[in-house]
>>> print(open('protein-v3.cif').read())   # mmCIF, N, CA and C atoms
data_final
loop_
_atom_site.label_atom_id
_atom_site.label_comp_id
_atom_site.auth_asym_id
_atom_site.auth_seq_id
_atom_site.Cartn_x
_atom_site.Cartn_y
_atom_site.Cartn_z
N MET A 1 8.73 0.08 -17.38
CA MET A 1 8.49 -0.68 -18.59
C MET A 1 9.84 -0.95 -19.23
N THR A 2 10.05 -2.16 -19.64
CA THR A 2 11.31 -2.48 -20.29
C THR A 2 11.27 -2.02 -21.73
N GLU A 3 12.44 -1.89 -22.34
CA GLU A 3 12.48 -1.45 -23.74
C GLU A 3 11.76 -2.45 -24.63
N ALA A 4 11.90 -3.74 -24.34
CA ALA A 4 11.24 -4.75 -25.17
C ALA A 4 9.73 -4.62 -25.09
N SER A 5 9.20 -4.43 -23.87
CA SER A 5 7.75 -4.31 -23.76
C SER A 5 7.27 -2.99 -24.34
N ALA A 6 8.06 -1.93 -24.21
CA ALA A 6 7.68 -0.64 -24.80
C ALA A 6 7.62 -0.77 -26.32
N GLY A 7 8.60 -1.44 -26.90
CA GLY A 7 8.60 -1.62 -28.35
C GLY A 7 7.45 -2.48 -28.81
N GLN A 8 7.14 -3.52 -28.04
CA GLN A 8 6.04 -4.40 -28.39
C GLN A 8 4.71 -3.63 -28.36
N ALA A 9 4.49 -2.83 -27.32
CA ALA A 9 3.25 -2.07 -27.20
C ALA A 9 3.17 -1.02 -28.30
N ALA A 10 4.30 -0.43 -28.67
CA ALA A 10 4.30 0.60 -29.70
C ALA A 10 3.99 0.02 -31.08
N GLN A 11 4.27 -1.27 -31.30
CA GLN A 11 4.01 -1.89 -32.59
C GLN A 11 2.54 -2.18 -32.80
N LEU A 12 1.80 -2.42 -31.73
CA LEU A 12 0.38 -2.71 -31.83
C LEU A 12 -0.42 -1.42 -31.75
N PRO A 13 -1.52 -1.33 -32.53
CA PRO A 13 -2.38 -0.16 -32.34
C PRO A 13 -2.95 -0.18 -30.93
N PRO A 14 -3.13 0.99 -30.30
CA PRO A 14 -3.65 1.02 -28.93
C PRO A 14 -4.95 0.24 -28.74
N SER A 15 -5.74 0.12 -29.80
CA SER A 15 -7.00 -0.61 -29.68
C SER A 15 -6.77 -2.11 -29.52
N GLN A 16 -5.60 -2.60 -29.92
CA GLN A 16 -5.31 -4.03 -29.83
C GLN A 16 -4.33 -4.39 -28.72
N ALA A 17 -3.49 -3.46 -28.31
CA ALA A 17 -2.51 -3.73 -27.27
C ALA A 17 -3.23 -3.88 -25.93
N THR A 18 -2.68 -4.75 -25.11
CA THR A 18 -3.27 -4.97 -23.78
C THR A 18 -2.30 -4.50 -22.70
N ILE A 19 -2.80 -4.46 -21.51
CA ILE A 19 -1.98 -4.07 -20.37
C ILE A 19 -0.79 -5.01 -20.22
N ALA A 20 -0.97 -6.28 -20.53
CA ALA A 20 0.13 -7.24 -20.44
C ALA A 20 1.29 -6.86 -21.36
N ASP A 21 0.99 -6.12 -22.44
CA ASP A 21 2.02 -5.72 -23.39
C ASP A 21 2.93 -4.62 -22.85
N LEU A 22 2.48 -3.87 -21.84
CA LEU A 22 3.30 -2.75 -21.38
C LEU A 22 3.52 -2.68 -19.89
N MET A 23 2.88 -3.53 -19.11
CA MET A 23 3.05 -3.47 -17.66
C MET A 23 4.49 -3.79 -17.25
N ARG A 24 4.83 -3.28 -16.09
CA ARG A 24 6.11 -3.58 -15.46
C ARG A 24 5.84 -4.51 -14.29
N PRO A 25 6.76 -5.41 -13.98
CA PRO A 25 6.54 -6.23 -12.79
C PRO A 25 6.53 -5.34 -11.55
N PRO A 26 5.76 -5.72 -10.52
CA PRO A 26 5.78 -4.92 -9.29
C PRO A 26 7.12 -5.14 -8.59
N LEU A 27 8.03 -4.22 -8.78
CA LEU A 27 9.39 -4.40 -8.28
C LEU A 27 9.44 -4.57 -6.78
N THR A 28 8.65 -3.81 -6.09
CA THR A 28 8.68 -3.82 -4.63
C THR A 28 7.26 -3.71 -4.12
N THR A 29 6.96 -4.47 -3.09
CA THR A 29 5.66 -4.37 -2.44
C THR A 29 5.90 -4.14 -0.95
N MET A 30 4.88 -3.70 -0.28
CA MET A 30 4.96 -3.41 1.15
C MET A 30 3.78 -4.09 1.84
N GLU A 31 3.81 -4.07 3.17
CA GLU A 31 2.69 -4.54 3.97
C GLU A 31 2.13 -3.37 4.76
N PRO A 32 0.85 -3.39 5.12
CA PRO A 32 0.22 -2.25 5.78
C PRO A 32 0.91 -1.79 7.06
N ALA A 33 1.51 -2.68 7.82
CA ALA A 33 2.13 -2.31 9.10
C ALA A 33 3.54 -1.75 8.94
N ASP A 34 4.10 -1.76 7.73
CA ASP A 34 5.43 -1.21 7.52
C ASP A 34 5.42 0.31 7.73
N HIS A 35 6.59 0.85 8.05
CA HIS A 35 6.72 2.29 8.25
C HIS A 35 6.67 3.03 6.91
N ALA A 36 6.10 4.22 6.93
CA ALA A 36 6.05 5.05 5.73
C ALA A 36 7.45 5.43 5.26
N ALA A 37 8.38 5.58 6.19
CA ALA A 37 9.77 5.90 5.82
C ALA A 37 10.36 4.80 4.95
N ALA A 38 10.02 3.56 5.24
CA ALA A 38 10.51 2.43 4.43
C ALA A 38 9.93 2.52 3.02
N ALA A 39 8.68 2.91 2.90
CA ALA A 39 8.06 3.06 1.58
C ALA A 39 8.76 4.16 0.78
N ALA A 40 9.04 5.28 1.43
CA ALA A 40 9.73 6.38 0.75
C ALA A 40 11.11 5.93 0.28
N TYR A 41 11.82 5.24 1.14
CA TYR A 41 13.16 4.74 0.81
C TYR A 41 13.09 3.78 -0.39
N LEU A 42 12.16 2.85 -0.35
CA LEU A 42 12.06 1.87 -1.43
C LEU A 42 11.64 2.52 -2.75
N MET A 43 10.74 3.50 -2.70
CA MET A 43 10.35 4.20 -3.93
C MET A 43 11.56 4.88 -4.55
N LYS A 44 12.34 5.56 -3.71
CA LYS A 44 13.51 6.26 -4.23
C LYS A 44 14.49 5.29 -4.88
N HIS A 45 14.79 4.21 -4.20
CA HIS A 45 15.81 3.29 -4.70
C HIS A 45 15.31 2.36 -5.80
N ALA A 46 14.01 2.18 -5.90
CA ALA A 46 13.45 1.36 -6.99
C ALA A 46 13.13 2.22 -8.21
N GLY A 47 13.20 3.55 -8.04
CA GLY A 47 12.89 4.44 -9.15
C GLY A 47 11.44 4.41 -9.55
N THR A 48 10.57 4.29 -8.56
CA THR A 48 9.14 4.24 -8.83
C THR A 48 8.42 5.28 -8.00
N SER A 49 7.20 5.58 -8.36
CA SER A 49 6.45 6.60 -7.63
C SER A 49 5.25 6.01 -6.89
N ALA A 50 5.15 4.69 -6.87
CA ALA A 50 4.07 4.03 -6.13
C ALA A 50 4.45 2.60 -5.82
N LEU A 51 3.92 2.10 -4.71
CA LEU A 51 4.13 0.71 -4.30
C LEU A 51 2.78 0.09 -3.98
N VAL A 52 2.63 -1.17 -4.33
CA VAL A 52 1.43 -1.90 -3.98
C VAL A 52 1.60 -2.42 -2.56
N VAL A 53 0.56 -2.28 -1.78
CA VAL A 53 0.55 -2.78 -0.40
C VAL A 53 -0.23 -4.09 -0.41
N LEU A 54 0.43 -5.15 0.02
CA LEU A 54 -0.19 -6.48 -0.01
C LEU A 54 -0.76 -6.87 1.34
N ASN A 55 -1.89 -7.55 1.31
CA ASN A 55 -2.45 -8.15 2.51
C ASN A 55 -1.52 -9.29 2.89
N PRO A 56 -0.95 -9.28 4.10
CA PRO A 56 0.03 -10.30 4.46
C PRO A 56 -0.55 -11.72 4.53
N ARG A 57 -1.85 -11.85 4.71
CA ARG A 57 -2.47 -13.18 4.78
C ARG A 57 -2.79 -13.74 3.42
N THR A 58 -3.25 -12.88 2.50
CA THR A 58 -3.71 -13.37 1.20
C THR A 58 -2.71 -13.12 0.07
N GLY A 59 -1.81 -12.15 0.27
CA GLY A 59 -0.89 -11.79 -0.80
C GLY A 59 -1.54 -10.97 -1.90
N GLN A 60 -2.78 -10.58 -1.71
CA GLN A 60 -3.52 -9.79 -2.69
C GLN A 60 -3.36 -8.30 -2.38
N PRO A 61 -3.52 -7.44 -3.41
CA PRO A 61 -3.41 -6.00 -3.17
C PRO A 61 -4.44 -5.51 -2.16
N ALA A 62 -3.95 -4.86 -1.10
CA ALA A 62 -4.81 -4.29 -0.07
C ALA A 62 -4.85 -2.78 -0.19
N GLY A 63 -3.85 -2.22 -0.86
CA GLY A 63 -3.77 -0.77 -0.99
C GLY A 63 -2.64 -0.37 -1.91
N ILE A 64 -2.50 0.93 -2.05
CA ILE A 64 -1.41 1.50 -2.84
C ILE A 64 -0.93 2.74 -2.10
N ILE A 65 0.37 2.93 -2.07
CA ILE A 65 0.94 4.13 -1.46
C ILE A 65 1.79 4.81 -2.53
N THR A 66 1.64 6.12 -2.64
CA THR A 66 2.31 6.87 -3.70
C THR A 66 3.18 7.97 -3.12
N GLU A 67 3.99 8.55 -4.00
CA GLU A 67 4.79 9.71 -3.60
C GLU A 67 3.91 10.82 -3.05
N ALA A 68 2.74 10.99 -3.63
CA ALA A 68 1.83 12.04 -3.17
C ALA A 68 1.40 11.77 -1.73
N ASP A 69 1.14 10.52 -1.38
CA ASP A 69 0.77 10.18 0.00
C ASP A 69 1.90 10.54 0.96
N ILE A 70 3.12 10.24 0.56
CA ILE A 70 4.29 10.56 1.39
C ILE A 70 4.44 12.08 1.52
N ALA A 71 4.31 12.79 0.40
CA ALA A 71 4.44 14.26 0.42
C ALA A 71 3.38 14.89 1.32
N HIS A 72 2.15 14.40 1.25
CA HIS A 72 1.08 14.95 2.09
C HIS A 72 1.37 14.71 3.57
N ALA A 73 1.89 13.52 3.90
CA ALA A 73 2.23 13.23 5.29
C ALA A 73 3.32 14.16 5.79
N VAL A 74 4.34 14.39 4.98
CA VAL A 74 5.42 15.31 5.36
C VAL A 74 4.88 16.72 5.53
N ALA A 75 4.04 17.16 4.60
CA ALA A 75 3.46 18.51 4.66
C ALA A 75 2.59 18.68 5.92
N ASP A 76 1.99 17.58 6.37
CA ASP A 76 1.17 17.62 7.59
C ASP A 76 2.01 17.48 8.86
N GLY A 77 3.34 17.42 8.70
CA GLY A 77 4.23 17.35 9.85
C GLY A 77 4.35 15.97 10.48
N LYS A 78 3.93 14.92 9.78
CA LYS A 78 4.01 13.57 10.32
C LYS A 78 5.44 13.05 10.23
N ASP A 79 5.84 12.25 11.21
CA ASP A 79 7.14 11.62 11.24
C ASP A 79 7.03 10.29 10.49
N LEU A 80 7.68 10.18 9.35
CA LEU A 80 7.57 8.98 8.52
C LEU A 80 8.14 7.75 9.20
N ASN A 81 8.96 7.95 10.22
CA ASN A 81 9.49 6.81 10.97
C ASN A 81 8.48 6.29 11.99
N GLU A 82 7.44 7.06 12.25
CA GLU A 82 6.41 6.66 13.21
C GLU A 82 5.12 6.21 12.53
N VAL A 83 4.76 6.87 11.45
CA VAL A 83 3.49 6.59 10.79
C VAL A 83 3.59 5.30 9.97
N ARG A 84 2.53 4.54 9.96
CA ARG A 84 2.48 3.26 9.24
C ARG A 84 1.80 3.45 7.89
N ILE A 85 2.14 2.57 6.98
CA ILE A 85 1.59 2.66 5.62
C ILE A 85 0.07 2.62 5.64
N HIS A 86 -0.53 1.80 6.49
CA HIS A 86 -2.00 1.70 6.50
C HIS A 86 -2.66 3.03 6.84
N ASP A 87 -1.90 3.95 7.47
CA ASP A 87 -2.45 5.28 7.79
C ASP A 87 -2.45 6.21 6.58
N LEU A 88 -1.66 5.90 5.58
CA LEU A 88 -1.51 6.79 4.43
C LEU A 88 -2.04 6.21 3.12
N MET A 89 -2.07 4.91 3.01
CA MET A 89 -2.38 4.27 1.73
C MET A 89 -3.83 4.45 1.32
N THR A 90 -4.07 4.29 0.04
CA THR A 90 -5.42 4.19 -0.49
C THR A 90 -5.78 2.71 -0.42
N ALA A 91 -6.78 2.39 0.40
CA ALA A 91 -7.19 1.00 0.57
C ALA A 91 -8.01 0.54 -0.62
N ASP A 92 -7.98 -0.76 -0.86
CA ASP A 92 -8.74 -1.39 -1.94
C ASP A 92 -8.59 -0.62 -3.25
N PRO A 93 -7.37 -0.55 -3.76
CA PRO A 93 -7.15 0.24 -4.98
C PRO A 93 -7.87 -0.37 -6.18
N THR A 94 -8.20 0.49 -7.12
CA THR A 94 -8.72 0.01 -8.39
C THR A 94 -7.59 -0.75 -9.07
N ILE A 95 -7.91 -1.91 -9.60
CA ILE A 95 -6.92 -2.72 -10.29
C ILE A 95 -7.37 -2.94 -11.72
N ILE A 96 -6.46 -3.43 -12.54
CA ILE A 96 -6.79 -3.73 -13.92
C ILE A 96 -6.23 -5.10 -14.26
N ASN A 97 -6.89 -5.80 -15.14
CA ASN A 97 -6.47 -7.13 -15.54
C ASN A 97 -5.53 -7.05 -16.73
N THR A 98 -4.68 -8.03 -16.85
CA THR A 98 -3.70 -8.07 -17.94
C THR A 98 -4.36 -8.06 -19.32
N THR A 99 -5.60 -8.53 -19.41
CA THR A 99 -6.27 -8.61 -20.71
C THR A 99 -6.98 -7.32 -21.11
N ALA A 100 -7.05 -6.35 -20.20
CA ALA A 100 -7.69 -5.07 -20.51
C ALA A 100 -6.87 -4.33 -21.56
N THR A 101 -7.52 -3.46 -22.29
CA THR A 101 -6.81 -2.67 -23.30
C THR A 101 -6.17 -1.44 -22.67
N ILE A 102 -5.25 -0.88 -23.39
CA ILE A 102 -4.62 0.36 -22.96
C ILE A 102 -5.66 1.47 -22.86
N ARG A 103 -6.58 1.48 -23.79
CA ARG A 103 -7.66 2.48 -23.76
C ARG A 103 -8.49 2.31 -22.48
N ASP A 104 -8.78 1.07 -22.11
CA ASP A 104 -9.52 0.81 -20.85
C ASP A 104 -8.79 1.44 -19.66
N ALA A 105 -7.46 1.25 -19.62
CA ALA A 105 -6.67 1.81 -18.53
C ALA A 105 -6.74 3.33 -18.54
N ALA A 106 -6.65 3.93 -19.72
CA ALA A 106 -6.71 5.39 -19.82
C ALA A 106 -8.05 5.91 -19.30
N ILE A 107 -9.12 5.21 -19.63
CA ILE A 107 -10.45 5.62 -19.16
C ILE A 107 -10.54 5.50 -17.64
N ILE A 108 -10.09 4.38 -17.10
CA ILE A 108 -10.14 4.18 -15.64
C ILE A 108 -9.31 5.25 -14.93
N MET A 109 -8.11 5.50 -15.44
CA MET A 109 -7.24 6.48 -14.80
C MET A 109 -7.81 7.89 -14.87
N THR A 110 -8.39 8.23 -16.00
CA THR A 110 -8.97 9.57 -16.17
C THR A 110 -10.18 9.75 -15.27
N ARG A 111 -11.08 8.79 -15.27
CA ARG A 111 -12.29 8.90 -14.44
C ARG A 111 -11.98 8.91 -12.95
N GLY A 112 -10.99 8.11 -12.54
CA GLY A 112 -10.67 8.02 -11.12
C GLY A 112 -9.59 8.96 -10.65
N HIS A 113 -9.01 9.73 -11.58
CA HIS A 113 -7.90 10.63 -11.26
C HIS A 113 -6.74 9.85 -10.65
N PHE A 114 -6.43 8.67 -11.25
CA PHE A 114 -5.34 7.82 -10.79
C PHE A 114 -4.14 8.01 -11.70
N ARG A 115 -2.96 7.80 -11.15
CA ARG A 115 -1.74 7.79 -11.96
C ARG A 115 -1.09 6.42 -11.98
N HIS A 116 -1.61 5.50 -11.17
CA HIS A 116 -1.04 4.15 -11.08
C HIS A 116 -2.16 3.13 -10.98
N LEU A 117 -1.96 1.99 -11.64
CA LEU A 117 -2.91 0.89 -11.53
C LEU A 117 -2.14 -0.42 -11.32
N PRO A 118 -2.41 -1.11 -10.21
CA PRO A 118 -1.86 -2.46 -10.07
C PRO A 118 -2.52 -3.37 -11.11
N VAL A 119 -1.74 -4.30 -11.62
CA VAL A 119 -2.22 -5.22 -12.66
C VAL A 119 -2.30 -6.61 -12.05
N THR A 120 -3.45 -7.26 -12.26
CA THR A 120 -3.64 -8.61 -11.72
C THR A 120 -4.02 -9.57 -12.84
N SER A 121 -3.81 -10.84 -12.55
CA SER A 121 -4.28 -11.92 -13.41
C SER A 121 -4.92 -12.95 -12.48
N ASP A 122 -5.24 -14.10 -13.01
CA ASP A 122 -5.82 -15.15 -12.17
C ASP A 122 -4.89 -15.56 -11.03
N SER A 123 -3.60 -15.35 -11.22
CA SER A 123 -2.62 -15.74 -10.20
C SER A 123 -2.35 -14.63 -9.18
N GLY A 124 -3.00 -13.49 -9.30
CA GLY A 124 -2.80 -12.40 -8.35
C GLY A 124 -2.06 -11.23 -8.97
N LEU A 125 -1.35 -10.48 -8.16
CA LEU A 125 -0.61 -9.29 -8.60
C LEU A 125 0.52 -9.70 -9.54
N VAL A 126 0.55 -9.10 -10.73
CA VAL A 126 1.60 -9.43 -11.70
C VAL A 126 2.35 -8.21 -12.22
N GLY A 127 1.85 -7.00 -11.92
CA GLY A 127 2.54 -5.84 -12.44
C GLY A 127 1.91 -4.53 -12.02
N MET A 128 2.41 -3.48 -12.67
CA MET A 128 1.95 -2.12 -12.40
C MET A 128 2.06 -1.33 -13.69
N VAL A 129 1.09 -0.46 -13.94
CA VAL A 129 1.20 0.52 -15.02
C VAL A 129 0.98 1.89 -14.43
N ASP A 130 1.64 2.87 -15.02
CA ASP A 130 1.39 4.24 -14.58
C ASP A 130 0.99 5.08 -15.79
N ILE A 131 0.64 6.30 -15.52
CA ILE A 131 0.12 7.17 -16.56
C ILE A 131 1.14 7.39 -17.67
N THR A 132 2.42 7.38 -17.35
CA THR A 132 3.45 7.55 -18.37
C THR A 132 3.46 6.35 -19.32
N ASP A 133 3.32 5.15 -18.78
CA ASP A 133 3.26 3.95 -19.63
C ASP A 133 2.10 4.05 -20.61
N ILE A 134 0.95 4.47 -20.10
CA ILE A 134 -0.26 4.57 -20.93
C ILE A 134 -0.08 5.63 -22.00
N CYS A 135 0.43 6.79 -21.64
CA CYS A 135 0.63 7.87 -22.62
C CYS A 135 1.60 7.45 -23.71
N ARG A 136 2.70 6.84 -23.32
CA ARG A 136 3.68 6.39 -24.33
C ARG A 136 3.05 5.40 -25.30
N ALA A 137 2.26 4.47 -24.79
CA ALA A 137 1.63 3.47 -25.64
C ALA A 137 0.61 4.11 -26.58
N LEU A 138 -0.14 5.09 -26.08
CA LEU A 138 -1.13 5.75 -26.92
C LEU A 138 -0.51 6.66 -27.96
N LEU A 139 0.62 7.28 -27.62
CA LEU A 139 1.29 8.19 -28.55
C LEU A 139 2.10 7.46 -29.60
N GLY A 140 2.59 6.28 -29.25
CA GLY A 140 3.41 5.52 -30.20
C GLY A 140 4.80 6.09 -30.27
N PRO A 141 5.62 5.55 -31.18
CA PRO A 141 7.00 6.02 -31.28
C PRO A 141 7.05 7.48 -31.72
N ALA A 142 7.85 8.25 -31.02
CA ALA A 142 7.98 9.66 -31.33
C ALA A 142 9.41 9.94 -31.78
N PRO A 143 9.61 10.32 -33.05
CA PRO A 143 10.96 10.56 -33.53
C PRO A 143 11.63 11.77 -32.89
N PHE A 144 10.82 12.61 -32.24
CA PHE A 144 11.36 13.83 -31.64
C PHE A 144 11.73 13.64 -30.18
N GLU A 145 11.64 12.40 -29.65
CA GLU A 145 11.98 12.18 -28.25
C GLU A 145 13.43 12.56 -27.99
N GLU A 146 13.64 13.13 -26.82
CA GLU A 146 15.00 13.47 -26.43
C GLU A 146 15.74 12.19 -26.09
N LYS A 147 16.98 12.14 -26.50
CA LYS A 147 17.81 10.98 -26.18
C LYS A 147 18.41 11.18 -24.80
N GLU A 148 18.44 10.07 -24.05
CA GLU A 148 19.04 10.12 -22.71
C GLU A 148 20.55 10.21 -22.86
N THR A 149 21.15 11.01 -22.00
CA THR A 149 22.62 11.13 -22.03
C THR A 149 23.22 10.54 -20.79
#
>>> encode(input="protein-v3.cif", output="structure tokens")
Amino acid sequence: MTEASAGQAAQLPPSQATIADLMRPPLTTMEPADHAAAAAYLMKHAGTSALVVLNPRTGQPAGIITEADIAHAVADGKDLNEVRIHDLMTADPTIINTTATIRDAAIIMTRGHFRHLPVTSDSGLVGMVDITDICRALLGPAPFEEKET
């Protein structure tokens, strides 16, 4: 989330703010046949903990792969250079529309035990929100936040 979008979402009460007010653009996407090692590399260098997996024919979200998926594969002794994303990803992920409220996202994430939601509009994939984005928006500005050094 950019500082501008974070500030904008913090100014609106959570009941009025929408996902469009706080979503981040999907910095990096993958395709199902890509190697899991490539997903791990891209997550690290993009500073994200999840990537949307796009259907190569439609460009629509086909799945989501997260740090947890990568960690489970490593714990199971899988070689990330051999395993493909389609073997690890959650297919047909729950998505949220840009017009949904932050509260809607919190409910979906809580009920589904999700930490990430791809954001779509009529034009397709437009962003991503994670649980941290939602919590920050619901909590509002906190004067006690630690300053980054």
>>> closest_residue(input="protein-v3.cif", among="A:Gly77, A:Ile19, A:Thr132, A:Leu51", to="Gly63 of chain A", atoms="all atoms listed in the file")
A:Leu51
>>> select_by_dssp(input="protein-v3.cif", residues="chain A", states="helix (DSSP H, G or I)", output="ChimeraX atom specification")
/A:3-11,19-22,36-46,67-75,85-88,102-112,131-139
>>> closest_atom_pairs(input="protein-v3.cif", of="segment 68-117 of chain A", to="segment 21-34 of chain A", cutoff="6 Å", atoms="only N, CA and C atoms", output="CSV")
residue,atom,partner,partner_atom,distance
A:Val83,C,A:Asp34,C,5.8
A:Arg84,CA,A:Asp34,C,4.4
A:Ile85,N,A:Asp34,C,4.1
A:His86,N,A:Pro32,C,3.9
>>> residues_around(input="protein-v3.cif", residues="segment 38-45 of chain A", least_positions_apart="3", cutoff="7 Å", atoms="all atoms listed in the file", output="list of chain:residue names")
A:Asp34, A:His35, A:Thr48, A:Ser49, A:Ala50, A:Leu51, A:Ile70, A:Leu80, A:Asn81
>>> closest_residue(input="protein-v3.cif", among="A:Gly47, A:Ala91, A:Gly59, A:Val53", to="Gly124 of chain A", atoms="only N, CA and C atoms")
A:Gly59
>>> atom_distance(input="protein-v3.cif", atom1="atom CA of Pro93 of chain A", atom2="atom CA of Pro118 of chain A")
7.8 Å
>>> resolve_selection(input="protein-v3.cif", expression="the PyMOL selection byres (((chain A and resi 18 and name CA) around 8) and name CA)", output="MDAnalysis selection string")
chainID A and resid 9 14 16:17 19:22 98:102
>>> atom_distance(input="protein-v3.cif", atom1="atom CA of Gly112 of chain A", atom2="atom CA of Leu138 of chain A")
18.6 Å
>>> build_atoms(input="protein-v3.cif", residues="segment 91-109 of chain A", atoms="N, CA, C and O atoms", output="short mmCIF file (atom, residue, chain, number, x, y, z; two decimals), in the frame of the given file")
data_model
loop_
_atom_site.label_atom_id
_atom_site.label_comp_id
_atom_site.auth_asym_id
_atom_site.auth_seq_id
_atom_site.Cartn_x
_atom_site.Cartn_y
_atom_site.Cartn_z
N ALA A 91 -6.78 2.39 0.40
CA ALA A 91 -7.19 1.00 0.57
C ALA A 91 -8.01 0.54 -0.62
O ALA A 91 -8.66 1.34 -1.31
N ASP A 92 -7.98 -0.76 -0.86
CA ASP A 92 -8.74 -1.39 -1.94
C ASP A 92 -8.59 -0.62 -3.25
O ASP A 92 -9.57 -0.10 -3.80
N PRO A 93 -7.37 -0.55 -3.76
CA PRO A 93 -7.15 0.24 -4.98
C PRO A 93 -7.87 -0.37 -6.18
O PRO A 93 -8.12 -1.58 -6.23
N THR A 94 -8.20 0.49 -7.12
CA THR A 94 -8.72 0.01 -8.39
C THR A 94 -7.59 -0.75 -9.07
O THR A 94 -6.44 -0.30 -9.08
N ILE A 95 -7.91 -1.91 -9.60
CA ILE A 95 -6.92 -2.72 -10.29
C ILE A 95 -7.37 -2.94 -11.72
O ILE A 95 -8.52 -2.67 -12.07
N ILE A 96 -6.46 -3.43 -12.54
CA ILE A 96 -6.79 -3.73 -13.92
C ILE A 96 -6.23 -5.10 -14.26
O ILE A 96 -5.20 -5.50 -13.71
N ASN A 97 -6.89 -5.80 -15.14
CA ASN A 97 -6.47 -7.13 -15.54
C ASN A 97 -5.53 -7.05 -16.73
O ASN A 97 -5.61 -6.12 -17.52
N THR A 98 -4.68 -8.03 -16.85
CA THR A 98 -3.70 -8.07 -17.94
C THR A 98 -4.36 -8.06 -19.32
O THR A 98 -3.76 -7.61 -20.29
N THR A 99 -5.60 -8.53 -19.41
CA THR A 99 -6.27 -8.61 -20.71
C THR A 99 -6.98 -7.32 -21.11
O THR A 99 -7.46 -7.20 -22.23
N ALA A 100 -7.05 -6.35 -20.20
CA ALA A 100 -7.69 -5.07 -20.51
C ALA A 100 -6.87 -4.33 -21.56
O ALA A 100 -5.66 -4.53 -21.67
N THR A 101 -7.52 -3.46 -22.29
CA THR A 101 -6.81 -2.67 -23.30
C THR A 101 -6.17 -1.44 -22.67
O THR A 101 -6.54 -1.03 -21.57
N ILE A 102 -5.25 -0.88 -23.39
CA ILE A 102 -4.62 0.36 -22.96
C ILE A 102 -5.66 1.47 -22.86
O ILE A 102 -5.64 2.28 -21.94
N ARG A 103 -6.58 1.48 -23.79
CA ARG A 103 -7.66 2.48 -23.76
C ARG A 103 -8.49 2.31 -22.48
O ARG A 103 -8.86 3.29 -21.85
N ASP A 104 -8.78 1.07 -22.11
CA ASP A 104 -9.52 0.81 -20.85
C ASP A 104 -8.79 1.44 -19.66
O ASP A 104 -9.40 2.08 -18.81
N ALA A 105 -7.46 1.25 -19.62
CA ALA A 105 -6.67 1.81 -18.53
C ALA A 105 -6.74 3.33 -18.54
O ALA A 105 -6.87 3.96 -17.48
N ALA A 106 -6.65 3.93 -19.72
CA ALA A 106 -6.71 5.39 -19.82
C ALA A 106 -8.05 5.91 -19.30
O ALA A 106 -8.11 6.91 -18.59
N ILE A 107 -9.12 5.21 -19.63
CA ILE A 107 -10.45 5.62 -19.16
C ILE A 107 -10.54 5.50 -17.64
O ILE A 107 -11.00 6.42 -16.96
N ILE A 108 -10.09 4.38 -17.10
CA ILE A 108 -10.14 4.18 -15.64
C ILE A 108 -9.31 5.25 -14.93
O ILE A 108 -9.76 5.84 -13.94
N MET A 109 -8.11 5.50 -15.44
CA MET A 109 -7.24 6.48 -14.80
C MET A 109 -7.81 7.89 -14.87
O MET A 109 -7.74 8.65 -13.90
#
